[in-house]
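The structure under discussion appears below in the form of structure tokens.
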Amino acid sequence: MRKRKKITSIIPKMPSRFAKKKGKAPGTITYMGRRENLESVVNILEYNENELNVHAPANIEEIVAHKGPPMISWIDIVGLSDEAFIEKVGKRFGLNSLVMEDIVNTHQRPKIDEYEPHIFAVFKMLYINENGELIGEHVALVLLENCVLVFQELEDDVFTGVRDRVSKMDGRIRSRGADYLFFALLDAVVDNYFAVLEYLNDKIEVLEEAIYADPSPEVAQKIQELKKEVLRVRRWIYPVKELVSRLIDTDHPLIAKETKVFLRDVLDHAIEVNESIQIYREMSMSLMEMYMSNMSNKMNEVMKVLTIMASIFIPLTFIAGIYGMNFDHMPELHYENGYYVVWGVMIALIIGMMIYFRRKHWI
Amino acid sequence: MRKRKKITSIIPKMPSRFAKKKGKAPGTITYMGRRENLESVVNILEYNENELNVHAPANIEEIVAHKGPPMISWIDIVGLSDEAFIEKVGKRFGLNSLVMEDIVNTHQRPKIDEYEPHIFAVFKMLYINENGELIGEHVALVLLENCVLVFQELEDDVFTGVRDRVSKMDGRIRSRGADYLFFALLDAVVDNYFAVLEYLNDKIEVLEEAIYADPSPEVAQKIQELKKEVLRVRRWIYPVKELVSRLIDTDHPLIAKETKVFLRDVLDHAIEVNESIQIYREMSMSLMEMYMSNMSNKMNEVMKVLTIMASIFIPLTFIAGIYGMNFDHMPELHYENGYYVVWGVMIALIIGMMIYFRRKHWI
Amino acid sequence: MRKRKKITSIIPKMPSRFAKKKGKAPGTITYMGRRENLESVVNILEYNENELNVHAPANIEEIVAHKGPPMISWIDIVGLSDEAFIEKVGKRFGLNSLVMEDIVNTHQRPKIDEYEPHIFAVFKMLYINENGELIGEHVALVLLENCVLVFQELEDDVFTGVRDRVSKMDGRIRSRGADYLFFALLDAVVDNYFAVLEYLNDKIEVLEEAIYADPSPEVAQKIQELKKEVLRVRRWIYPVKELVSRLIDTDHPLIAKETKVFLRDVLDHAIEVNESIQIYREMSMSLMEMYMSNMSNKMNEVMKVLTIMASIFIPLTFIAGIYGMNFDHMPELHYENGYYVVWGVMIALIIGMMIYFRRKHWI
Amino acid sequence: MRKRKKITSIIPKMPSRFAKKKGKAPGTITYMGRRENLESVVNILEYNENELNVHAPANIEEIVAHKGPPMISWIDIVGLSDEAFIEKVGKRFGLNSLVMEDIVNTHQRPKIDEYEPHIFAVFKMLYINENGELIGEHVALVLLENCVLVFQELEDDVFTGVRDRVSKMDGRIRSRGADYLFFALLDAVVDNYFAVLEYLNDKIEVLEEAIYADPSPEVAQKIQELKKEVLRVRRWIYPVKELVSRLIDTDHPLIAKETKVFLRDVLDHAIEVNESIQIYREMSMSLMEMYMSNMSNKMNEVMKVLTIMASIFIPLTFIAGIYGMNFDHMPELHYENGYYVVWGVMIALIIGMMIYFRRKHWI
Amino acid sequence: MRKRKKITSIIPKMPSRFAKKKGKAPGTITYMGRRENLESVVNILEYNENELNVHAPANIEEIVAHKGPPMISWIDIVGLSDEAFIEKVGKRFGLNSLVMEDIVNTHQRPKIDEYEPHIFAVFKMLYINENGELIGEHVALVLLENCVLVFQELEDDVFTGVRDRVSKMDGRIRSRGADYLFFALLDAVVDNYFAVLEYLNDKIEVLEEAIYADPSPEVAQKIQELKKEVLRVRRWIYPVKELVSRLIDTDHPLIAKETKVFLRDVLDHAIEVNESIQIYREMSMSLMEMYMSNMSNKMNEVMKVLTIMASIFIPLTFIAGIYGMNFDHMPELHYENGYYVVWGVMIALIIGMMIYFRRKHWI
């Protein structure tokens, strides 16, 4: 009767990390994500106020050629499983080996690191894919002079809007530096967190409906899964606030003062997202309470049916039993109307019980 | 039997935000509220110690004409869906484009931002409308030199008292600057939070009554809705404390030192509101506990009735069953008084059981 | 059956505040307490090391005459509903209008404010009145040079001990300044919080007894009321710690360095009270858990009685039913000892069941 | 059936404090402990690297004679109810009157106070006495030049080890100053907190066993008592961390820099104790959960027995009832094998039900 | 029926500490671990960029000979029960006596202490041994000039990877100082915490499965054990974050600035581990909720079976009882088809009940 789909852990497993990295030196570049054995795809958007070029470089030399001045380059690298390639890119762009490790480590907690020649940020891009699943895609941004390197795990991303704005001649983004591009990408990611909140909100509403319609064990299970999902999302989203906050406080020369005004806006959104996720957490926790209260209600209803049936018919059966006895001397048995009188008593009893239960609001 | 009204989510949905803003540049002015396609209505109150003028400007030029010195202007703009108009006003008053975005973004978290020529605050005005519903109306205040711009979503507001005081010749407000008007509006908003607390308090009391009168599933649902409402109110009210606190700490030239004494009073109230909302949160959480305890009580009562009925009549039915057997040799059946003796035994049994249950305080 | 006394909200209602103050300017003196339309009663204790005078001034001029040097005056004003009188007093003693507002606002959160010529503190005096009710009386202290103004809502107070010590010739209090009197009054208030803790402790113990004696719905209700009472007391007591702490840190000339040593002692007590109230909160919360566990126990007991009765007599009734059948060919019915054998079997069954239930520790 | 031992409140009552101290001036020395009307017993250990003297002084003069240089004195005063004696000692040793008050106030929260000529610490010495009860004995330490005054409530203490080490010629303690003795006593107290943790651990384990063996209401009550005991211990132990921490940070001349290294070790232990007590708190809270889950299990078991018995025998009784009817035309009654067929059907039903319940894992 | 394995406390008992150390001076070296009476085994790895020597020194002199310059020594001491030996090593390497105490005190909380000539760290090495048990092995590291002393309780450790990297000629570790070795060992320990998280994750999943498959009391017990295990692991892991953080902030000359970049990476991991353990804690807590909700479901199911059986057959038995009565005048008994009509009514009743229960979704 109770069929049940397998619960798969939502907290990403870490066996690969453990198995793969055990004994390797820190700074060793080891990919830990889901998409193994796939060549990285590179796309370059090079622009200034007047020009816009799109490149699909064939090899590493072509990529490096677009690094930096005088135009602004947005170098997008999709697919992190080709560790050797990532390492080569990192070396040619002068990135620290620990940075390279974090780029491919899909379990890395969101964080920002400042180095002398570049700023490095890693976080999760959350979106709902076409199957309605919540995807937490690993993404790393590196801000260099006139250049932003984007490392992402999958082809899907939340940067379409930024790409559109870069493509338009008259957009503000075209007249500003690489730090503004860096901000715009971060802003797109944080803005999309609101879509995830909406997704969680929908799930909570569906479960609320389900609890009242039919509080089956499957619903309890889905509530637990939701709780874990909220915990997971919180864990990915929570550190972003601190990340943006540190970016605002930095005095790194690559971040212009004008850009910080916009970053403050991203910080506002990050705080808002954190507060909402906290509310969803409390709501997901009270779902179980609702479930339990509804279970109790159902139980109460079952018990009432039993009690009413038993309380009415057990006494009646007793009366019938009395006059089923075989004593030689039972005067009532020989009364002309004995049988009808007994029926009368029984019906009176039924009505009396009904009135009693009605008064107790049981029926 | 269990009919139930549709649970509508109290946390405002964010599809519009997501759908409307996706891909737009930060600083794009996009209205996200509930009242679409409505022209903004502008009212101006211009006053100094001796004079008071009321204007209903026909166009943007007339509005700008009342901006600032030498009289103090309170420019009230109702309706935020006309984005083009809002943008025009913003530009003519020299407001930052991020400010303009926050003015129409009804999902903006309460906050304060200082810019060189103006101070900008956005928060929720909470009140109970004529239908007894709790309304969280988006409102933005901009303090300029000798001018306060008020952007509000709906016509209803909590500023009637302030308007009355401005209208009176001898009020303190007439002899003070625009910063005092700014404070007075903020004070009116925070003061009205107490009415919201009262509204929540009433709801809690009604539910407490309902729990004891009849703990139906509808009551459980209303408790859940209350919990969500408290969470929502807390989220709107909580950041106001910090907002006022930052206003007190600022050294912006538009805020006079004399006004800060009054702001400290608003801060006191904001802290008090926060503490109360925290208490209401705990109370709303313990409502579910009360509900569950009452459910248990009801269940216990049902079980007792069943147990009493079954414990009395099942043994009696057994006795009747004994003497309904058809054995050839059952001496009792032929005793003259057998039947009456059995009745005696049965009545003794009933009385014995009654005493037993009485001792257990079940009846 | 379930009678129940009306739950009256313990959190003080705020309609008066809302209705009375709506639209009034900040700093307007509006009394919000429980004792309306009562004239204020003033008592003055004037003392120095050698002299002690008691006055009951007839009018405001007589009060002002006792303000300050060279003797120390303790001016006690009981009853806060005569707003005009309070305002007059405030003006003559040079108090800020916001101070005056806080004096009569009985909903004011405990706080301390320093002004150049005086220090102002407002808090709750908690005590148990003769009806055994917990009273949270609004009290305001103003420390001026050689003078302490005490504004209290009701005649009852916790200052009897301080009055006695002032009356004694050789008390330390007589040889010290007004700041020591201010401290002594604060100390008396905080010391009395311990009596309130004791009162809560007694309530918890009574409820613990009640839970085990008879876990009726009334007990659940009383637990909820206790929880709310603890929340209310915590809200009144909690800010006092900060209030005293700020008094210790101040460098206001009216507080002598010698007095601060004593204030540190008050701070110790305030911290202790806060820790205790926190413990009472946790204890009041676990009362409901106890209640629920006891409810479960009761239910279990009821279920056991039902199960034992049903498990013993239903099979027996079945056996009796068998031999009550009217088949033509039922050999057992004609056995000489059939009836006695059936009795034997039944008694064996009863004994067997008894042993089974005994083994399960049900009886 | 349910006998129950009286719950005595674990939180120490405060009537004595309230009754005794009400109206007394701050700094009044009032004993609030359990051992009234007992003369204080004084023991003095005087030592340097080469000599060791033990004294039992007959009067206050003899005590003062051992105060300080050139040997180090450990003056141990047992029994705090003789307020006059304590006051005399305090005066002769130049202690502040607030210090004297705290020495006899057994409700004083653990704290440390620095005065110019001495350092004063008061805390609880926790140990298990010979009756297996947890004792929280009030103890106060005063560090003077070359002298440590110990005020303790009862004869029992945890200083036996320190006494032994002082008695040995070659111990490190003999070659160090009074501050090292002060540290050693503090260390002994904190070290003994581990024994209290062990005591709580044992109680938790015993209750865990009891919950599974027989979840009676007494067990629920013991869990509640444990929770309160943990709260009480936490309240006594928690402030000790801060106390030690402040001792490390002080620059009071009586504490040598070399001693601070050892104090850091005490701090480590105090932190460890606090973390453990926190864990015990969480464990004590989940005991009630275990209890409730076990209650549910028991209830489930009871219900299963009832359901199995009823589900098997009620249908059988019905069948028997059918053939007990007295209709004139009931062909089955006259079949030769009717009776045996009915038995067959009944046995088949029993077996069918058995299989059904087995499949549901109920039997 | 309910067999149950003995719950052994997971929180390590402290009787040995209490019994062994009671009365000993602070700084006394007392082993408190599990492996008594075992000689310590010492292994030395001495290396520089070009050379690598492995030693198994026979006595203390040989150990000291390898202390420090010019090659880097990794001195590994396994087994801490030989207190005299540990003390000798400590003295020869110039370690503080408090350090020596902490090395053998297996109950020591993770911490770091800086002394002038060395840095001392003590923490737990967590791993799963071959029996699938979670082991928390006490380990202490001492960083001296060109030398790292490792004290570990058991032979098992998590340093195999570091040993391999040291053994390879071209590893980065070979060209760096002792501080890098110190970091690499710390990194190996923290990295292995992820394996412990995985172990906890697996346990949670197994329990989730078990809850749905068969919520027996054993499962409840395992959930409690898991909760305690998570508490224990959290207690061991939590302070490591602070430990690493202090190592980064130090300006001790033994830690090179280049190494701090790597330590920051360890800090990231430590933070991540702490966040995960927090999530596991919340998950372990909601397991009990799931268990309870499933118990309720089971109970509901049992009750439904009972109610359905009773509600169908009790009324039928009543009808049969009616026509089993022996009244002289019961006209129905003599109807030709009376028996068949009764059967018809009964079958109709059964079908009616079935439809009713079906509508209620009970069957």
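Here's how to read the names in the structure tokens: chain A, B, ... by the order shown, residue numbers from 1 in each chain, ligand numbers from 1 in the order shown.
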
Expected answer as an MDAnalysis selection string: chain E residues within 6 Å of chain D, only C-alpha atoms: chainID E and resid 23 299 306 309 313 317 320 323:324 333:334

Go ahead and write the selection's residues with C-alpha atoms as an mmCIF file, in the first residue's frame.
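Result written to out27.cif:
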data_model
loop_
_atom_site.group_PDB
_atom_site.id
_atom_site.type_symbol
_atom_site.label_atom_id
_atom_site.label_comp_id
_atom_site.auth_asym_id
_atom_site.auth_seq_id
_atom_site.Cartn_x
_atom_site.Cartn_y
_atom_site.Cartn_z
ATOM 1 C CA GLY E 23 45.251 16.119 44.052
ATOM 2 C CA MET E 299 -1.184 3.836 14.631
ATOM 3 C CA LEU E 306 -10.070 -2.035 14.057
ATOM 4 C CA MET E 309 -13.923 -4.576 11.437
ATOM 5 C CA PHE E 313 -19.500 -6.811 12.332
ATOM 6 C CA THR E 317 -23.955 -9.440 15.307
ATOM 7 C CA ALA E 320 -28.234 -11.933 14.470
ATOM 8 C CA TYR E 323 -33.424 -13.184 15.835
ATOM 9 C CA GLY E 324 -31.741 -15.356 18.397
ATOM 10 C CA LEU E 333 -39.208 -15.921 12.637
ATOM 11 C CA HIS E 334 -42.091 -17.666 10.999
#

Test item: residues at most 8 Å from Pro215 (chain B), only C-alpha atoms, excluding those fewer than 3 positions along its chain, as number ranges by chain: B: 210-212, 218-220, 291, 294-295

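For the pair CA of Phe182 (chain A) and CA of Ile255 (chain A), the separation is 9.3 Å.
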
One-decimal distance in Å that lies between CA of Leu141 (chain C) and CA of Met71 (chain C):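 Rounded to one decimal, the two atoms are 18.4 Å apart.
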
Find the nearest atom pair between each residue of region 249-315 of chain D and region 105-125 of chain D for residues within 12 Å, count only C-alpha atoms, give distances in Å to one decimal, sort rows by chain and ascending number, and present the table as CSV.
residue,atom,partner,partner_atom,distance
D:Asp249,CA,D:Glu114,CA,11.7
D:Thr250,CA,D:Glu114,CA,8.7
D:Asp251,CA,D:Glu114,CA,10.1
D:His252,CA,D:Glu114,CA,7.7
D:Pro253,CA,D:Glu116,CA,9.1
D:Leu254,CA,D:His118,CA,7.6
D:Ile255,CA,D:Ile119,CA,9.1

Those same residues, written as a short mmCIF file (atom, residue, chain, number, x, y, z; two decimals), in the first residue's frame with C-alpha atoms?
data_model
loop_
_atom_site.label_atom_id
_atom_site.label_comp_id
_atom_site.auth_asym_id
_atom_site.auth_seq_id
_atom_site.Cartn_x
_atom_site.Cartn_y
_atom_site.Cartn_z
CA ASP D 249 43.61 39.89 31.71
CA THR D 250 44.14 41.77 34.95
CA ASP D 251 47.30 43.73 35.67
CA HIS D 252 46.74 43.63 39.40
CA PRO D 253 50.18 43.49 41.14
CA LEU D 254 49.13 40.51 43.29
CA ILE D 255 48.99 38.19 40.25
#

Find the spatial neighbours of Leu38 (chain E), counting only C-alpha atoms, within a cut-off of 10 Å - ignore same-chain residues fewer than 5 positions away - and output them as a PDB file with N, CA, C and O atoms, in the first residue's frame.
ATOM      1  N   VAL E  78      54.336   7.253  18.593  1.00  0.00           N
ATOM      2  CA  VAL E  78      53.048   6.572  18.669  1.00  0.00           C
ATOM      3  C   VAL E  78      52.900   5.915  20.038  1.00  0.00           C
ATOM      4  O   VAL E  78      53.789   5.171  20.456  1.00  0.00           O
ATOM      5  N   GLY E  79      51.809   6.186  20.723  1.00  0.00           N
ATOM      6  CA  GLY E  79      51.589   5.600  22.054  1.00  0.00           C
ATOM      7  C   GLY E  79      51.946   6.605  23.123  1.00  0.00           C
ATOM      8  O   GLY E  79      53.081   7.068  23.188  1.00  0.00           O
ATOM      9  N   LEU E  80      50.963   6.955  23.953  1.00  0.00           N
ATOM     10  CA  LEU E  80      51.172   8.023  24.919  1.00  0.00           C
ATOM     11  C   LEU E  80      51.100   7.524  26.358  1.00  0.00           C
ATOM     12  O   LEU E  80      51.104   8.306  27.298  1.00  0.00           O
ATOM     13  N   SER E  81      51.050   6.191  26.546  1.00  0.00           N
ATOM     14  CA  SER E  81      50.831   5.703  27.898  1.00  0.00           C
ATOM     15  C   SER E  81      52.126   5.656  28.719  1.00  0.00           C
ATOM     16  O   SER E  81      52.089   5.598  29.925  1.00  0.00           O
ATOM     17  N   ASP E  82      53.271   5.711  28.049  1.00  0.00           N
ATOM     18  CA  ASP E  82      54.558   5.669  28.766  1.00  0.00           C
ATOM     19  C   ASP E  82      54.926   7.090  29.193  1.00  0.00           C
ATOM     20  O   ASP E  82      55.725   7.775  28.560  1.00  0.00           O
TER      21      ASP E  82
END

Between CA of Met100 (chain C) and CA of Glu87 (chain C) - distance in Å to one decimal: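 Distance between the two atoms: 6.7 Å.
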
Those in region 135-349 of chain A with strand (DSSP E) from DSSP, as number ranges by chain: A: 135-144, 147-152

Residue set, region 61-200 of chain A restricted to alpha helix (DSSP H), as a VMD selection string: chain A and resid 61 to 65 83 to 92 97 to 104 160 to 167 178 to 200
